[in-house]
Amino acid sequence: MSSKIIGSILIVAGTAIGGGMLAMPIISAGVGFGGITIVLFLIWLAMCYTSLLFVKIYKYNPHDVGLNTLTQKYLGKTGSFITAVSMLTLMYALISAYITGGGAIISTNLKLWCNISIPPTISALIFTLLFGGIVSLGTKLVDLTTKWIFTIKLIFLLVVIVALIPFVKAENLATLPVERALIFAAIPVIFTSFGFHVVIPSLVSYLKGDYKQLRLVMIVGSLIPLVIYLIWELSVLGSIDNSIFLSILQNNAGLEGLILSIRQISNAPVTNIAVNVFAAAAILTSFLGVALALYDYIKDLGKNNKWISNSYGSISLTFLPSLGFAIYYPEGFILALSYASISLVILSLILPVLMLIKAKKAAQEKISLGMKISFFGIFLLSMVIFGTQVLIALGKIPNVG
């Protein structure tokens with residue numbers, strides 16, 4: 001297997017395994033391991049399938065064509081506009097979440113290890129300046145950086161899991177949902193945790209449209225997060241009593257609550273260090289993948305505009321709006337991840353189906369019965385996620401964040 005394929009697999013896996021993974025035990029606390037396992041598997045199946053549909057679209061198009069160009073071709077100006085709004089909303093929400101989370105980790109560790117307190121504004125700015133520059137230098141550097149950070153992430157995740165496994169109890173894993181509605185409330189964040197579709201156009205271009213290689217990249221790249229998520233959920237949910245976990249999260253929301261919970265289970269110094277390094281690496285790999293996708297999309301969107309096509313213009317548009325949100329609402333980590341799911345439904349479920357249908361019709365190819373049934377299943381999942389997010393917004397379903 002070539003270095004390019006391995007790098008591409010890690011970009012897919014690294015983009016998925018990020019802030020959503022850190023939020024996962026938080027939103028799963030009231031659901032239980034059994035319920036969240038079913039949700040994880042079903043969402044992985046749908047996302048892996050639609051990623052393969054997305055790649056198939058490039059069988060009818062040049063490998064260097066961007067997403068905006070594809071949507072204009074198959075869905076017209078209206079479809080292109082909806083895609084642009086969804087893409088930008090999704091990317092900015094995710095990058096905002098990662099800047100917020102990354103900044104929080106920087107400030108927490110500076111206070112813990114150096115006794116230095118810095119405001120969220122400064123920590124968010126430091127994170128953006130440090131790692132935003134990597135994205136501006138292109139896919140090759142993101143590939144190289146992701147390989148190293150992904151390796152570090154797996155090593156320290158293994159340390160955390162090894163530290164937690166001795167505390168896993170069957171009765172904790174057998175916990176039933178506190179409320180049935182919480183299963184639905186967990187879906188948006190779990191769904192966002194498989195949101196790697198945004199990097200597909202960049203990877204198609206990187207691998208010169210090789211369908212066989214891309215198919216392997218999508219399947220293996222999406223399967224890695226599923227396996228890691230299951231082990232991660234088993235380790236955290238199985239090692240701490242559900243009522244205690246929920247109590248900690250009530251007093252300490254977000255990443256701080258998760259880190260405090262893990263420290264309460266195993267207070268060994270090596271565990272504390274491992275949790276912090278893993279959290280930082282998880283956010284960073286996701287940040288790099290999503291920011292790369294947004295950077296490439298903005299360049300494609302503004303290819304006829306001199307200022308946007310210029311690297312400085314596209315970099316500014318990639319990071320400044322997200323940095324503004326992170327500074328204005330530093331507690332918005334899980335909120336941003338939850339609302340990102342609305343745009344992700346359009347981009348990763350609805351869009352690949354619609355564009356492939358149009359591409360097949362243009363090529364005068366028939367759509368099989370099996371494919372029609374699978375398309376209907378994707379449509380149903382889309383409606384469930386949309387409906388859940390609306391009900392959360394209306395207060396009909398509790399917001400687990």
# chains A, B, ... in the order shown; residues from 1 in each chain; ligands from 1

call {"tool": "closest_atom_pairs", "arguments": {"of": "range 94-189 of chain A", "to": "range 278-291 of chain A", "cutoff": "6 Å", "atoms": "only C-alpha atoms", "output": "Markdown table"}}
result
| residue | atom | partner | partner_atom | distance |
| --- | --- | --- | --- | --- |
| A:Tyr98 | CA | A:Ile283 | CA | 5.7 |
| A:Thr146 | CA | A:Thr285 | CA | 5.9 |
| A:Ile149 | CA | A:Ala281 | CA | 6.0 |
| A:Lys153 | CA | A:Phe278 | CA | 5.1 |
| A:Phe156 | CA | A:Phe278 | CA | 5.4 |
| A:Leu157 | CA | A:Phe278 | CA | 5.8 |

call {"tool": "residues_around", "arguments": {"residues": "Tyr328 in chain A", "least_positions_apart": "4", "cutoff": "12 Å", "atoms": "only C-alpha atoms", "output": "ChimeraX atom specification"}}
result
/A:96,99-100,119-122,124,321-324,332

call {"tool": "write_last_selection", "arguments": {"atoms": "N, CA, C and O atoms", "output": "mmCIF file, in the first residue's frame"}}
result
data_model
loop_
_atom_site.group_PDB
_atom_site.id
_atom_site.type_symbol
_atom_site.label_atom_id
_atom_site.label_comp_id
_atom_site.auth_asym_id
_atom_site.auth_seq_id
_atom_site.Cartn_x
_atom_site.Cartn_y
_atom_site.Cartn_z
ATOM 1 N N SER A 96 -15.107 26.181 14.163
ATOM 2 C CA SER A 96 -15.355 26.937 15.405
ATOM 3 C C SER A 96 -15.261 26.017 16.615
ATOM 4 O O SER A 96 -14.664 26.375 17.635
ATOM 5 N N ILE A 99 -11.565 25.091 17.154
ATOM 6 C CA ILE A 99 -10.793 26.212 17.704
ATOM 7 C C ILE A 99 -11.147 26.405 19.177
ATOM 8 O O ILE A 99 -10.265 26.618 20.019
ATOM 9 N N THR A 100 -12.456 26.302 19.485
ATOM 10 C CA THR A 100 -12.904 26.429 20.873
ATOM 11 C C THR A 100 -12.297 25.327 21.743
ATOM 12 O O THR A 100 -11.755 25.593 22.820
ATOM 13 N N PRO A 119 -6.922 34.285 28.765
ATOM 14 C CA PRO A 119 -8.348 34.311 28.397
ATOM 15 C C PRO A 119 -8.613 33.449 27.162
ATOM 16 O O PRO A 119 -7.694 33.190 26.367
ATOM 17 N N PRO A 120 -9.862 32.978 26.987
ATOM 18 C CA PRO A 120 -10.219 32.158 25.827
ATOM 19 C C PRO A 120 -9.877 32.815 24.486
ATOM 20 O O PRO A 120 -9.529 32.133 23.531
ATOM 21 N N THR A 121 -9.971 34.137 24.438
ATOM 22 C CA THR A 121 -9.659 34.866 23.205
ATOM 23 C C THR A 121 -8.231 34.592 22.753
ATOM 24 O O THR A 121 -7.973 34.301 21.580
ATOM 25 N N ILE A 122 -7.294 34.671 23.672
ATOM 26 C CA ILE A 122 -5.876 34.488 23.356
ATOM 27 C C ILE A 122 -5.588 33.035 23.004
ATOM 28 O O ILE A 122 -4.863 32.748 22.039
ATOM 29 N N ALA A 124 -7.631 30.780 21.769
ATOM 30 C CA ALA A 124 -8.221 30.492 20.451
ATOM 31 C C ALA A 124 -7.351 31.059 19.340
ATOM 32 O O ALA A 124 -7.131 30.419 18.304
ATOM 33 N N PRO A 321 -14.034 33.870 10.190
ATOM 34 C CA PRO A 321 -15.397 33.723 10.732
ATOM 35 C C PRO A 321 -15.459 32.739 11.907
ATOM 36 O O PRO A 321 -16.140 33.003 12.909
ATOM 37 N N SER A 322 -14.762 31.609 11.796
ATOM 38 C CA SER A 322 -14.762 30.603 12.869
ATOM 39 C C SER A 322 -14.068 31.123 14.124
ATOM 40 O O SER A 322 -14.515 30.883 15.245
ATOM 41 N N LEU A 323 -12.975 31.839 13.917
ATOM 42 C CA LEU A 323 -12.254 32.422 15.053
ATOM 43 C C LEU A 323 -13.138 33.422 15.779
ATOM 44 O O LEU A 323 -13.148 33.472 17.015
ATOM 45 N N GLY A 324 -13.923 34.183 15.005
ATOM 46 C CA GLY A 324 -14.849 35.152 15.599
ATOM 47 C C GLY A 324 -15.870 34.473 16.495
ATOM 48 O O GLY A 324 -16.144 34.935 17.609
ATOM 49 N N GLY A 332 -19.070 27.140 23.218
ATOM 50 C CA GLY A 332 -19.942 26.589 22.182
ATOM 51 C C GLY A 332 -19.471 25.313 21.519
ATOM 52 O O GLY A 332 -19.880 25.007 20.399
#

call {"tool": "residues_around", "arguments": {"residues": "Ile315 in chain A", "least_positions_apart": "3", "cutoff": "7 Å", "atoms": "only C-alpha atoms", "output": "list in words"}}
result
Ser136, Tyr295, Ser311, Tyr312, Thr318 and Phe319 of chain A

call {"tool": "closest_residue", "arguments": {"among": "A:Leu351, A:Val384, A:Leu144, A:Gly133", "to": "Ser3 in chain A", "atoms": "only C-alpha atoms"}}
result
A:Leu144

call {"tool": "residues_around", "arguments": {"residues": "Leu349 in chain A", "least_positions_apart": "4", "cutoff": "8 Å", "atoms": "only C-alpha atoms", "output": "list in words"}}
result
Ala46, Met47, Thr50, Leu344, Val345, Val353, Ile378, Phe379 and Ser382 of chain A

call {"tool": "write_last_selection", "arguments": {"atoms": "N, CA, C and O atoms", "output": "CSV table (one decimal), in the first residue's frame"}}
result
chain,number,residue,atom,x,y,z
A,46,ALA,N,-24.4,4.1,6.9
A,46,ALA,CA,-24.9,5.1,5.9
A,46,ALA,C,-23.9,6.0,5.4
A,46,ALA,O,-23.8,6.3,4.2
A,47,MET,N,-23.0,6.4,6.3
A,47,MET,CA,-21.9,7.4,5.9
A,47,MET,C,-20.9,6.8,4.9
A,47,MET,O,-20.4,7.4,4.0
A,50,THR,N,-22.6,6.4,1.4
A,50,THR,CA,-22.7,7.7,0.7
A,50,THR,C,-21.4,8.2,0.3
A,50,THR,O,-21.3,8.9,-0.7
A,344,LEU,N,-24.5,18.9,7.5
A,344,LEU,CA,-23.9,17.6,7.1
A,344,LEU,C,-24.9,16.7,6.5
A,344,LEU,O,-24.5,15.9,5.6
A,345,VAL,N,-26.1,16.7,6.9
A,345,VAL,CA,-27.1,15.8,6.3
A,345,VAL,C,-27.2,16.2,4.8
A,345,VAL,O,-27.3,15.2,4.0
A,353,VAL,N,-26.5,11.4,-3.2
A,353,VAL,CA,-27.6,10.7,-3.8
A,353,VAL,C,-28.1,11.4,-5.0
A,353,VAL,O,-28.3,10.9,-6.1
A,378,ILE,N,-31.5,6.1,3.1
A,378,ILE,CA,-30.7,7.3,3.3
A,378,ILE,C,-31.7,8.5,3.6
A,378,ILE,O,-31.4,9.4,4.4
A,379,PHE,N,-32.7,8.6,2.8
A,379,PHE,CA,-33.7,9.7,2.9
A,379,PHE,C,-34.4,9.6,4.3
A,379,PHE,O,-34.5,10.6,5.0
A,382,SER,N,-32.0,10.9,6.9
A,382,SER,CA,-31.9,12.3,6.8
A,382,SER,C,-33.1,13.0,7.5
A,382,SER,O,-32.9,14.0,8.3

call {"tool": "closest_residue", "arguments": {"among": "A:Leu70, A:Ala186, A:Val162, A:Val65", "to": "Val275 in chain A", "atoms": "only C-alpha atoms"}}
result
A:Val162
